Structures are given as C-alpha cells and as structure tokens.
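**Student:** Structure in structure tokens, see below.
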2 protein chains.
Amino acid sequence: MTQDRINGDRAPSTLAFLLSQVGIHASRRFAELIAAVDLNPPLFRILNLVDAAEGESQQAIGAAIDVPASRMVALVDELEHRGLVERRPDPTDRRVRALYLTRKGRQTLARGRKIAREHEQALTRGLAPADRKRLLKLLQKMVDEQAIGKGVHPGLSDSKPLRN
Amino acid sequence: MTQDRINGDRAPSTLAFLLSQVGIHASRRFAELIAAVDLNPPLFRILNLVDAAEGESQQAIGAAIDVPASRMVALVDELEHRGLVERRPDPTDRRVRALYLTRKGRQTLARGRKIAREHEQALTRGLAPADRKRLLKLLQKMVDEQAIGKGVHPGLSDSKPLRN
DNA sequence: AAAGATCGTTAACGACTGGAATGGTTCAAG
DNA sequence: CTTGAACCATTCCAGTCGTTAACGATCTTT
C-alpha cells in the first residue's frame, strides 16, 4: 500500500487541534457504542435530563442542552414511540407536555449509563489514575473559563463508520 | 429569564463528556475564526497539506485527512476558484492533478495560521504554561493509544452561531 | 494486448437542522 | 373583564452536507 508519504502530523500539534481530534473521536465513538441500546447521543442526553428533572416541559429540557423546540418534538416523539418516555399534561399549564420516564425508559437509561462508563474506561485506558485526575481538572478549568455550553452538538448524532 | 432550574451539570462530568464538550467547542470556535479569511476547517487543512507536500495528487492529500475523493473535488474546486491553489498536470501520470499553492494561497495560509495561533492562545488562556504542557502530553498519549485518525471531521465545517 | 486498478469527476439520494408560521393557552396591563 | 403580548408544542419547509455509485481516461500488471 502506498504509505502515506504525506506528513499529516508534522504540525506541532497544537492543543486546539488535539482537543478537537480527541473530543470528536470521543463523541463519535460514544455514538457508536450507545447505538447498542438504540440510542444516539441526543436521545441519551434527554433521557438523562428527564431523569434528573421529571415533570419538566420539553422546552425546558431542550433549553438545558441547547436544542431548539422544533427539534425537541421529533426527539421526544422518538422516545415516546419507543415507550421510554411519557408526555403527560401539566396540571397547572395546559400548554405544557410534562416529560416522565417510563419503567422501560429507566432500564434503557441504566443500560446507557453502563455503556457510558465503559466508554469512559476505554477512552482513558492507558492513562494512570493520577493522569486521569489531572486531565479532568485541566479540562474542567478550560470549560469554566471558556463558558462552554453544555449542549448536544448537532452533526454528531449518528454513529458514522469511523474506520479504525 | 427563567433560570435553567434543570441541572445540566450535576453529572460527575466524565472525562469522555468533557473531552467531547471541549473538543467540539474548540472546533466550532475555530471554524468561526477561520471564516475571517473565508476558509473553513477542511479548506484550511488542505492548504496546510498542500504546503507540506506540494505536487501531490488530490487523492493523496485527501487520504491524509480521510476525505473521500468525491469530496475532494468540490473542496479543491473551491480553493482553485479563489486562486489559492493550482491544479497542474503531473508530468508522469496524466490522470493526476498535482496541487500547488499560489502566491495568494500562501498569503491566505499565513493569515490562517496566525488565526490558528490566536485561537490556540484564546483557548488555553487561563492555563498556566505548565498546565498547557501537561495537557498536551496527556492528550498526545490518548491519541497514540486510541489510534485516532487525523481526519477532518464532517459536520464541523461551517461556523454555527455558537451563542456565547 | 487485455484485464484490473487508479485518478478525478459528476449525479443522485438521503440525513439532518433550524427558522418561520400556526393553534391553543396563560399572563399582565388597563 | 378584555385585550394583547408571551409562551408551549407542533408542523412545514428549505438549505446544507456528505456518501455512494457509475463513468471516462489512463496506468499497470500479466
């Protein structure tokens, strides 16, 4: 095979670039793994949010992860069709569709979380515990200073092949 | 404004999640900045590659960053239309379109690199030099162990608003 | 010389998103 | 009360992108 004679790595590899590479890799990989329970990152994220705050409105949850209302509809539809989440009328506001997890939803969420943990391990495999801790702190610091949103990022929902 | 009563951050914030957040943020932000010279990440990436290996074929360069041949066409078209890159016939293989930077291409590349440096600084602002170094090493280690490709990731080409 | 790869290109299809417009509903002001 | 602004959920639509498949031209291997 024609070796990649082209030097794709000769660059000093800036932090910004590395961060992008690793971050996107992490996302993609997670998307692949979470597909095992028929979820994609946004869906999984929503399940988590609903669990953390049951009874909230779609938009409230959408706002928490920067997902526009119009998109939330389809996402929640999906979740509801699969019987993972329920839309119930809000007793105090008839406009609102309060979200609740179903028993099945909790099960799926639990399985998803397990996958997330495994992903975490796989990703940090090769890093000593001390390193992990350090990395965590450094990243946390960056997030704090960069005012990085906590949204679900569009375009990373599906698990692209990711040859590897 | 209705405070986001929903706890979007109560999660232990795993390394995987943080990495995704930060990485995607870095990509998005860079896309915004590089737009100042009318480039998007893939285009900038290609410019860099061509500079590093002038005279290479489109596909060779595409392979180096995991961009399929069919996509390279449009990308290089764009670059060529703007007069940043030239397609020249390859003296030894008439199928090949060897790529070369134009004077203007070099100028734009230089400007893009400056932007990249500024982005790097902005991103790591708040991190002590020692921290930066450590972070760099840790990430590098992860990349090595994860066999992460050096591709340009689809879906992150344009600069979405990224409220902030 | 023939068959099988390879390069660049084009066309077609499908996937995904966000914005605008629409009922129904609530809330605040007068 | 009554009226208008703000708000929730939903539908529709349009623009963006990227991937696959097929194609001619050209090289290479046998």
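Numbering starts fresh at 1 for the residues of each chain in the structure tokens, the chains themselves are lettered A, B, ... in the order given, and ligands are numbered from 1 as they appear.
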All in-order C-alpha pairs, least squares, chain A moved onto chain B. Output the fitted coordinates as a short mmCIF file (atom, residue, chain, number, x, y, z; two decimals) with C-alpha atoms, in the first residue's frame, please.
**Tutor:**
```cif
data_model
loop_
_atom_site.label_atom_id
_atom_site.label_comp_id
_atom_site.auth_asym_id
_atom_site.auth_seq_id
_atom_site.Cartn_x
_atom_site.Cartn_y
_atom_site.Cartn_z
CA MET A 1 -35.60 34.81 33.00
CA THR A 2 -36.54 31.33 34.06
CA GLN A 3 -33.34 30.10 35.55
CA ASP A 4 -32.37 26.78 34.22
CA ARG A 5 -33.65 24.92 37.16
CA ILE A 6 -32.70 21.80 35.39
CA ASN A 7 -29.46 20.46 36.52
CA GLY A 8 -27.49 19.95 33.39
CA ASP A 9 -24.23 19.63 35.20
CA ARG A 10 -24.89 17.54 38.16
CA ALA A 11 -23.36 14.65 36.32
CA PRO A 12 -19.91 13.68 37.56
CA SER A 13 -18.74 15.10 34.27
CA THR A 14 -16.84 12.22 32.90
CA LEU A 15 -13.66 12.70 31.04
CA ALA A 16 -15.31 11.47 27.88
CA PHE A 17 -18.03 14.04 28.14
CA LEU A 18 -15.73 16.88 28.96
CA LEU A 19 -13.44 15.94 26.15
CA SER A 20 -16.35 16.03 23.75
CA GLN A 21 -17.53 19.37 24.98
CA VAL A 22 -14.20 21.04 24.87
CA GLY A 23 -13.17 19.44 21.63
CA ILE A 24 -16.30 20.36 19.80
CA HIS A 25 -16.21 23.81 21.23
CA ALA A 26 -12.67 24.20 20.00
CA SER A 27 -13.66 23.08 16.53
CA ARG A 28 -16.64 25.31 16.32
CA ARG A 29 -14.79 28.28 17.58
CA PHE A 30 -11.97 27.74 15.17
CA ALA A 31 -14.45 27.49 12.33
CA GLU A 32 -15.76 30.88 13.32
CA LEU A 33 -12.36 32.45 13.46
CA ILE A 34 -10.95 30.98 10.30
CA ALA A 35 -13.97 32.32 8.48
CA ALA A 36 -12.25 35.68 8.72
CA VAL A 37 -10.12 34.65 5.77
CA ASP A 38 -13.02 32.96 4.03
CA LEU A 39 -11.93 29.49 4.89
CA ASN A 40 -13.47 26.64 6.74
CA PRO A 41 -11.51 23.97 8.60
CA PRO A 42 -11.35 21.46 5.75
CA LEU A 43 -10.12 24.09 3.33
CA PHE A 44 -7.55 25.33 5.78
CA ARG A 45 -6.44 21.81 6.44
CA ILE A 46 -5.97 21.14 2.77
CA LEU A 47 -3.99 24.30 2.31
CA ASN A 48 -1.67 23.11 5.03
CA LEU A 49 -1.29 19.73 3.49
CA VAL A 50 -0.58 21.08 0.06
CA ASP A 51 2.03 23.32 1.56
CA ALA A 52 3.59 20.38 3.33
CA ALA A 53 3.64 18.26 0.23
CA GLU A 54 3.35 20.20 -2.96
CA GLY A 55 2.79 18.32 -6.15
CA GLU A 56 0.75 15.60 -4.53
CA SER A 57 -2.45 14.33 -6.04
CA GLN A 58 -5.84 15.27 -4.75
CA GLN A 59 -6.53 11.83 -3.53
CA ALA A 60 -3.24 11.50 -1.77
CA ILE A 61 -4.04 14.61 0.17
CA GLY A 62 -7.59 13.56 0.71
CA ALA A 63 -6.44 10.24 2.07
CA ALA A 64 -4.23 12.00 4.57
CA ILE A 65 -7.20 13.66 6.13
CA ASP A 66 -9.83 11.05 5.45
CA VAL A 67 -11.74 12.97 2.88
CA PRO A 68 -13.29 10.88 0.10
CA ALA A 69 -12.22 11.64 -3.42
CA SER A 70 -15.64 12.78 -4.45
CA ARG A 71 -15.57 15.41 -1.79
CA MET A 72 -12.06 16.53 -2.57
CA VAL A 73 -13.18 17.65 -5.98
CA ALA A 74 -15.49 20.31 -4.68
CA LEU A 75 -13.05 21.35 -2.00
CA VAL A 76 -10.20 21.82 -4.41
CA ASP A 77 -12.53 23.48 -6.88
CA GLU A 78 -13.27 26.04 -4.26
CA LEU A 79 -9.64 26.61 -3.49
CA GLU A 80 -8.79 26.87 -7.15
CA HIS A 81 -11.58 29.27 -7.95
CA ARG A 82 -10.28 31.55 -5.31
CA GLY A 83 -6.85 31.30 -6.75
CA LEU A 84 -5.31 29.77 -3.66
CA VAL A 85 -4.31 26.52 -5.24
CA GLU A 86 -3.43 25.32 -8.71
CA ARG A 87 -4.11 22.02 -10.38
CA ARG A 88 -1.26 21.15 -12.67
CA PRO A 89 -0.85 18.08 -14.81
CA ASP A 90 1.53 15.56 -13.40
CA PRO A 91 4.33 14.97 -15.89
CA THR A 92 4.55 11.30 -15.03
CA ASP A 93 0.90 10.42 -14.75
CA ARG A 94 -1.72 12.07 -16.84
CA ARG A 95 -4.50 10.98 -14.53
CA VAL A 96 -3.18 13.01 -11.69
CA ARG A 97 -3.89 16.64 -10.94
CA ALA A 98 -0.96 17.76 -8.89
CA LEU A 99 -1.71 20.48 -6.38
CA TYR A 100 0.36 23.58 -5.80
CA LEU A 101 -0.12 26.65 -3.72
CA THR A 102 -0.27 29.98 -5.46
CA ARG A 103 1.32 33.06 -4.04
CA LYS A 104 -2.07 34.11 -2.85
CA GLY A 105 -2.56 30.69 -1.38
CA ARG A 106 0.55 31.08 0.70
CA GLN A 107 -0.58 34.45 1.91
CA THR A 108 -3.93 33.13 2.93
CA LEU A 109 -2.34 30.16 4.58
CA ALA A 110 -0.08 32.44 6.54
CA ARG A 111 -3.02 34.49 7.70
CA GLY A 112 -4.90 31.34 8.59
CA ARG A 113 -2.00 30.12 10.65
CA LYS A 114 -1.91 33.33 12.53
CA ILE A 115 -5.56 32.92 13.33
CA ALA A 116 -4.88 29.39 14.43
CA ARG A 117 -2.21 30.61 16.81
CA GLU A 118 -4.51 33.20 18.25
CA HIS A 119 -7.18 30.58 18.65
CA GLU A 120 -4.71 28.41 20.45
CA GLN A 121 -3.90 31.19 22.85
CA ALA A 122 -7.47 32.14 23.47
CA LEU A 123 -8.36 28.57 24.12
CA THR A 124 -5.62 27.95 26.59
CA ARG A 125 -5.91 31.30 28.23
CA GLY A 126 -6.29 30.61 31.88
CA LEU A 127 -3.96 27.69 31.81
CA ALA A 128 -0.52 28.10 33.23
CA PRO A 129 2.29 27.20 30.85
CA ALA A 130 2.99 24.13 32.91
CA ASP A 131 -0.62 23.10 32.65
CA ARG A 132 -0.58 23.57 28.93
CA LYS A 133 2.40 21.33 28.62
CA ARG A 134 0.86 18.69 30.77
CA LEU A 135 -2.41 18.80 28.91
CA LEU A 136 -0.60 18.50 25.64
CA LYS A 137 1.23 15.44 26.79
CA LEU A 138 -1.83 13.77 28.18
CA LEU A 139 -3.79 14.33 25.03
CA GLN A 140 -0.95 13.17 22.90
CA LYS A 141 -0.82 10.02 24.92
CA MET A 142 -4.49 9.45 24.37
CA VAL A 143 -4.21 10.00 20.66
CA ASP A 144 -1.42 7.50 20.46
CA GLU A 145 -3.25 4.85 22.37
CA GLN A 146 -6.56 5.40 20.75
CA ALA A 147 -5.34 5.26 17.18
CA ILE A 148 -7.30 8.36 16.43
CA GLY A 149 -7.44 9.35 12.83
CA LYS A 150 -6.17 12.69 11.70
CA GLY A 151 -9.11 13.50 9.53
CA VAL A 152 -11.17 16.52 9.00
CA HIS A 153 -14.44 15.79 10.66
CA PRO A 154 -17.55 16.23 8.63
CA GLY A 155 -20.25 18.35 10.06
CA LEU A 156 -17.96 20.88 11.58
CA SER A 157 -17.06 22.79 8.49
CA ASP A 158 -19.19 25.81 8.91
CA SER A 159 -19.24 28.21 11.75
CA LYS A 160 -22.54 27.79 13.46
CA PRO A 161 -23.59 30.82 15.45
CA LEU A 162 -22.50 29.30 18.70
CA ARG A 163 -24.33 31.65 20.98
CA ASN A 164 -22.07 32.69 23.71
#
```
**Student:** Show me, as number ranges by chain, every residue of chain C with an atom at most 9 Å from chain A, counting only C-alpha atoms (C1' of nucleotides).
**Tutor:** C: 16-18, 24-26
**Student:** Would you kindly report the residues of chain D within 8 Å of chain B, using only C-alpha atoms (C1' of nucleotides), as a PyMOL selection string?
**Tutor:** chain D and resi 17-18+25-27
**Student:** If I take atom C1' of DA12 of chain C and atom C1' of DT20 of chain D, how far is one from the other in Å, to one decimal?
**Tutor:**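 Atom-to-atom, atom C1' of DA12 of chain C to atom C1' of DT20 of chain D, that is 9.2 Å.
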**Student:** As a count of residues only, please: the residues near DT29 of chain D (cut-off 10 Å, only C-alpha atoms (C1' of nucleotides), same-chain neighbours under 2 positions excluded).
**Tutor:** 4
**Student:** Can you list, as a ChimeraX atom specification, all residues belonging to segment 97-127 of chain A that DSSP tags as strand (DSSP E or B)?
**Tutor:** /A:97-101
**Student:** Got time to write the residues from that selection, N, CA and C atoms, as a PDB file, in the first residue's frame?
**Tutor:**
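As a result, result_37.pdb now contains:
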```pdb
ATOM      1  N   ARG A  97     -46.302  19.895  28.003  1.00  0.00           N
ATOM      2  CA  ARG A  97     -46.303  18.441  27.968  1.00  0.00           C
ATOM      3  C   ARG A  97     -45.171  18.021  28.892  1.00  0.00           C
ATOM      4  N   ALA A  98     -45.542  17.649  30.078  1.00  0.00           N
ATOM      5  CA  ALA A  98     -44.525  17.266  31.056  1.00  0.00           C
ATOM      6  C   ALA A  98     -43.953  15.900  30.710  1.00  0.00           C
ATOM      7  N   LEU A  99     -42.656  15.779  30.856  1.00  0.00           N
ATOM      8  CA  LEU A  99     -41.996  14.527  30.493  1.00  0.00           C
ATOM      9  C   LEU A  99     -41.665  13.650  31.698  1.00  0.00           C
ATOM     10  N   TYR A 100     -41.925  12.372  31.518  1.00  0.00           N
ATOM     11  CA  TYR A 100     -41.628  11.402  32.576  1.00  0.00           C
ATOM     12  C   TYR A 100     -41.009  10.172  31.971  1.00  0.00           C
ATOM     13  N   LEU A 101     -40.150   9.554  32.722  1.00  0.00           N
ATOM     14  CA  LEU A 101     -39.555   8.309  32.255  1.00  0.00           C
ATOM     15  C   LEU A 101     -40.511   7.166  32.545  1.00  0.00           C
TER      16      LEU A 101
END
```
**Student:** Step one, run DSSP on the backbone; step two, keep only residues of segment 22-97 of chain B assigned to alpha helix (DSSP H); then write them as an MDAnalysis selection string.
**Tutor:** chainID B and resid 22:34 41:52 58:64 69:81
**Student:** Can you work out the spacing between atom C1' of DA9 of chain D and atom C1' of DA28 of chain C in Å, to one decimal?
**Tutor:**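 Atom C1' of DA28 of chain C lies 22.4 Å from atom C1' of DA9 of chain D.
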